[in-house]
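Chemist: This is the structure, below, for whatever I ask next.
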Amino acid sequence: MNPTQSTIPNVIQINPHVFGDSRGGFFESYNLQKFRQAGIECSFVQDNHSRSVFGTLRGLHYQIEHAQGKLVRVVIGEIFDVAIDLRKSSRFFGKWVSFTLSAENKKQLFIPPGFAHGLLTLSDSAEVLYKTSDFYSPHDVRSLLWNDPTLAIDWPLTSGQTPILSEKDLHGKTFVNAEVYK
């Protein structure tokens with residue numbers, strides 16, 4: 001695997017070594033030793049699997065208590081994936097990074113605790129698998145407004161396209177009014 005640091009330290013894109021031949025292909029999607037060598041010290045406790053149709057925007061989600069580190073990968077389709085630093089003590093507070101993850105490129109994204117996370121489905125449908133470093137805690141879930149003007153995330157929406165949002169995501173908080181990490 002070939003880890004690449006993003007412009008925000010500790011948000012890491014993982015580029016796997018894919019071995020292919022006439023039978024198909026193989027790659028390691030997770031190897032504790034290699035992840036630790038790349039600086040990913042998380043212990044994962046939960047695996048999640050989501051499926052979304054084209055234009056679905058999930059997020060921007062985070063948990064104040066039980067903050068989750070996430071290891072995200074796509075097994076069907078393609079997504080635009082975003083991580084926002086919500087650690088008030090960070091010099092990158094309020095900054096975001098984005099990546100295109102797909103079944104084809106097999107790239108993964110590690111997002112450490114202290115970040116909000118969101119994704120937009122770019123293909124007809126997408127199936128996303130992600131590991132988390134803490135358990136889901138419904139009382140601790142927070143949501144930022146996907147189109148918050150302060151964050152100004154450059155979502156790859158076509159002109160006039162409105163994303164498909166959950167009720168919770170329609171009512172996300174603005175960045176200036178959001179609960180953040182210390």
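How things are named: the first chain in the structure tokens is A, the next is B, and so on; residues count from 1 in each chain; ligands count from 1 in the order shown.
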Using only C-alpha atoms, what table do you get, as a tab-separated table, when you list each residue of region 25-141 of chain A with an atom no more than 9 Å from region 160-163 of chain A, its nearest pair of atoms, and their distance in Å rounded to one decimal, rows by chain then rising number?

Modeler:
```
residue	atom	partner	partner_atom	distance
A:Phe54	CA	A:Pro163	CA	8.7
A:Gly55	CA	A:Pro163	CA	5.1
A:Thr56	CA	A:Pro163	CA	5.6
A:Leu57	CA	A:Pro163	CA	5.8
A:Leu120	CA	A:Pro163	CA	8.0
```

Chemist: For the residues selected in the previous step, produce a file with all heavy atoms as a compact mmCIF listing (two decimals), in the first residue's frame.

Modeler:
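The resulting file, part38.txt, is shown below:
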```txt
# COMPACT_ATOMS: atom_id res chain seq x y z
N PHE A 54 -27.40 7.95 -7.39
CA PHE A 54 -26.77 9.14 -7.95
C PHE A 54 -27.35 10.41 -7.32
O PHE A 54 -28.56 10.56 -7.17
CB PHE A 54 -26.99 9.20 -9.47
CG PHE A 54 -26.53 10.50 -10.07
CD1 PHE A 54 -25.18 10.75 -10.28
CD2 PHE A 54 -27.44 11.49 -10.41
CE1 PHE A 54 -24.74 11.95 -10.82
CE2 PHE A 54 -27.02 12.70 -10.95
CZ PHE A 54 -25.66 12.93 -11.15
N GLY A 55 -26.45 11.32 -6.96
CA GLY A 55 -26.87 12.62 -6.43
C GLY A 55 -27.17 12.64 -4.95
O GLY A 55 -27.51 13.68 -4.40
N THR A 56 -27.04 11.49 -4.27
CA THR A 56 -27.26 11.47 -2.83
C THR A 56 -26.05 12.07 -2.13
O THR A 56 -24.91 11.72 -2.41
CB THR A 56 -27.47 10.02 -2.32
OG1 THR A 56 -28.65 9.49 -2.91
CG2 THR A 56 -27.60 9.97 -0.81
N LEU A 57 -26.33 12.99 -1.22
CA LEU A 57 -25.29 13.59 -0.40
C LEU A 57 -25.55 13.16 1.03
O LEU A 57 -26.62 13.42 1.57
CB LEU A 57 -25.31 15.11 -0.53
CG LEU A 57 -24.07 15.83 -0.03
CD1 LEU A 57 -23.85 17.12 -0.80
CD2 LEU A 57 -24.12 16.10 1.44
N LEU A 120 -20.76 12.54 -1.68
CA LEU A 120 -21.74 12.73 -2.75
C LEU A 120 -21.56 11.59 -3.75
O LEU A 120 -20.45 11.34 -4.21
CB LEU A 120 -21.50 14.07 -3.46
CG LEU A 120 -22.36 14.36 -4.70
CD1 LEU A 120 -23.83 14.53 -4.32
CD2 LEU A 120 -21.84 15.58 -5.43
```

Chemist: Compile the contact shell of Phe35 (chain A) as a ChimeraX atom specification: residues with an atom at most 12 Å away, counting only C-alpha atoms, same-chain residues fewer than 4 positions apart removed.

Modeler: /A:1-4,10,12-16,28-31,39-44,71,108-110

Chemist: Can you write just those residues out, C-alpha atoms, as a JSON list (two decimals), in the first residue's frame?

Modeler:
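And here is the file that came out, again28.json:
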```json
[["chain", "number", "residue", "atom", "x", "y", "z"],
["A", 1, "MET", "CA", 0.00, 0.00, 0.00],
["A", 2, "ASN", "CA", 1.10, 3.53, -0.72],
["A", 3, "PRO", "CA", -0.21, 6.10, 1.81],
["A", 4, "THR", "CA", -0.44, 9.76, 0.80],
["A", 10, "ASN", "CA", -3.40, 12.70, 9.42],
["A", 12, "ILE", "CA", -4.50, 9.92, 4.62],
["A", 13, "GLN", "CA", -5.36, 8.53, 1.22],
["A", 14, "ILE", "CA", -4.42, 4.87, 0.89],
["A", 15, "ASN", "CA", -3.48, 3.69, -2.58],
["A", 16, "PRO", "CA", -3.42, -0.12, -2.60],
["A", 28, "GLU", "CA", -5.21, -5.97, 0.87],
["A", 29, "SER", "CA", -7.88, -3.54, 2.02],
["A", 30, "TYR", "CA", -6.62, -3.61, 5.60],
["A", 31, "ASN", "CA", -3.38, -4.70, 7.25],
["A", 39, "GLY", "CA", 0.75, 6.51, 10.99],
["A", 40, "ILE", "CA", -2.80, 5.19, 11.34],
["A", 41, "GLU", "CA", -3.01, 4.11, 14.97],
["A", 42, "CYS", "CA", -6.78, 3.54, 15.16],
["A", 43, "SER", "CA", -8.32, 0.35, 16.40],
["A", 44, "PHE", "CA", -11.53, -0.23, 14.48],
["A", 71, "LEU", "CA", -11.54, 4.20, 7.00],
["A", 108, "GLN", "CA", -9.33, 4.44, 0.60],
["A", 109, "LEU", "CA", -9.48, 7.43, 2.89],
["A", 110, "PHE", "CA", -8.55, 7.52, 6.56]]
```

Chemist: One decimal, in Å: what's the spacing between CA of Ser125 (chain A) and CA of Leu165 (chain A)?

Modeler: 14.8 Å

Chemist: Would you pick out the contacts of Val97 (chain A) at 9 Å or less, using only C-alpha atoms, so that residues sharing its chain but fewer than 2 positions from it are not included, and give the list as a VMD selection string?

Modeler: chain A and resid 6 to 8 11 81 to 85 95 99 153

Chemist: As a PyMOL selection string, list the residues of region 93-171 of chain A assigned to alpha helix (DSSP H) by DSSP on the backbone atoms of this structure.

Modeler: chain A and resi 167-170

Chemist: Can I get the selected residues back with N, CA and C atoms, as a PDB file, in the first residue's frame?

Modeler:
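Below is the file that was written, result15.pdb:
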```
ATOM      1  N   GLU A 167     -33.658  14.074   5.931  1.00  0.00           N
ATOM      2  CA  GLU A 167     -34.275  15.138   6.718  1.00  0.00           C
ATOM      3  C   GLU A 167     -33.248  15.753   7.669  1.00  0.00           C
ATOM      4  N   LYS A 168     -32.451  14.906   8.309  1.00  0.00           N
ATOM      5  CA  LYS A 168     -31.418  15.378   9.239  1.00  0.00           C
ATOM      6  C   LYS A 168     -30.421  16.285   8.523  1.00  0.00           C
ATOM      7  N   ASP A 169     -30.008  15.893   7.329  1.00  0.00           N
ATOM      8  CA  ASP A 169     -29.004  16.669   6.606  1.00  0.00           C
ATOM      9  C   ASP A 169     -29.563  17.970   6.050  1.00  0.00           C
ATOM     10  N   LEU A 170     -30.855  18.005   5.786  1.00  0.00           N
ATOM     11  CA  LEU A 170     -31.491  19.253   5.360  1.00  0.00           C
ATOM     12  C   LEU A 170     -31.409  20.328   6.442  1.00  0.00           C
TER      13      LEU A 170
END
```

Chemist: In terms of the shortest atom-to-atom distance over only C-alpha atoms, which of A:His171, A:Arg91, A:Arg73, A:His61 is closest to Ser143 (chain A)?

Modeler: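 Counting only C-alpha atoms, the residue closest to Ser143 (chain A) is A:His61.
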
Chemist: What's around Val176 (chain A) at 12 Å? Count only C-alpha atoms, leave out sequence neighbours fewer than 6 positions away in its own chain, and write the answer as a ChimeraX atom specification.

Modeler: /A:86,88,93-94,144-145,148-151

Chemist: Calculated over only C-alpha atoms, which of the candidates A:His139, A:Lys173, A:His17, A:Lys34 has the smallest distance to Glu65 (chain A)?

Modeler: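 Distance minimum relative to Glu65 (chain A) lands on A:His139.
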
Chemist: Taking only chain A into account, list the residues labelled strand (DSSP E or B) by DSSP (computed from the backbone), as an MDAnalysis selection string.

Modeler: chainID A and resid 2:5 12:15 19:21 24:26 46:53 56:63 70:76 78:85 87 96:102 108:111 115:121 125:132 141:144 164 173 181

Chemist: Which residue is closest to Ala38 (chain A)? Choose from A:Gln5, A:Thr158, A:Ser90, A:Thr132 and count only C-alpha atoms.

Modeler: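 Among the listed residues, A:Gln5 lies closest to Ala38 (chain A).
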
Chemist: Residues of region 76-122 of chain A that approach region 47-53 of chain A to 12 Å or less, counting only C-alpha atoms: could you list each one with the shortest pair of atoms and its distance in Å to one decimal, rows by chain and increasing residue number, as a tab-separated table?

Modeler:
```
residue	atom	partner	partner_atom	distance
A:Ile76	CA	A:Arg51	CA	8.9
A:Gly77	CA	A:Ser52	CA	9.6
A:Glu78	CA	A:Ser52	CA	10.3
A:Ile79	CA	A:Ser52	CA	9.7
A:Leu119	CA	A:Ser52	CA	10.0
A:Leu120	CA	A:Ser52	CA	8.9
A:Thr121	CA	A:Val53	CA	6.6
A:Leu122	CA	A:Val53	CA	8.5
```

Chemist: How would the residues just chosen look if you wrote them out with C-alpha atoms as a PDB file, in the first residue's frame?

Modeler:
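Saved to out.pdb:
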```pdb
ATOM      1  CA  ILE A  76     -19.400  -0.287  -6.252  1.00  0.00           C
ATOM      2  CA  GLY A  77     -19.524   3.060  -8.054  1.00  0.00           C
ATOM      3  CA  GLU A  78     -17.846   6.384  -7.307  1.00  0.00           C
ATOM      4  CA  ILE A  79     -18.106   9.111  -4.659  1.00  0.00           C
ATOM      5  CA  LEU A 119     -19.940  12.155   0.532  1.00  0.00           C
ATOM      6  CA  LEU A 120     -21.736  12.733  -2.755  1.00  0.00           C
ATOM      7  CA  THR A 121     -22.602   9.808  -5.047  1.00  0.00           C
ATOM      8  CA  LEU A 122     -21.239  10.469  -8.536  1.00  0.00           C
TER       9      LEU A 122
END
```

Chemist: Taking into account only C-alpha atoms, which residue in the set A:Gly25, A:Gly59, A:Gly20, A:Gly114 is nearest to Ser89 (chain A)?

Modeler: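 When distances to Ser89 (chain A) are compared using only C-alpha atoms, the smallest one comes from A:Gly114.
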
Chemist: Which residue, A:Val75, A:Ser123, A:Arg23, A:Ile64, has the smallest gap to Pro156 (chain A) when you use only C-alpha atoms?

Modeler: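 The closest residue to Pro156 (chain A) is A:Ser123.
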
Chemist: Tell me, in Å to one decimal, how far CA of Tyr136 (chain A) is from CA of Tyr181 (chain A).

Modeler: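 Taking CA of Tyr136 (chain A) as the start and CA of Tyr181 (chain A) as the end point, the length is 17.3 Å.
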
Chemist: Give me, please, the distance in Å between CA of Lys182 (chain A) and CA of Leu129 (chain A), quoted to one decimal.

Modeler: 28.6 Å

Chemist: Looking at only C-alpha atoms, which of A:Phe26, A:Trp96, A:Phe115, A:Trp155 is the one that sits closest to Gly69 (chain A)?

Modeler: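 Closest to Gly69 (chain A) of all the choices is A:Phe115.
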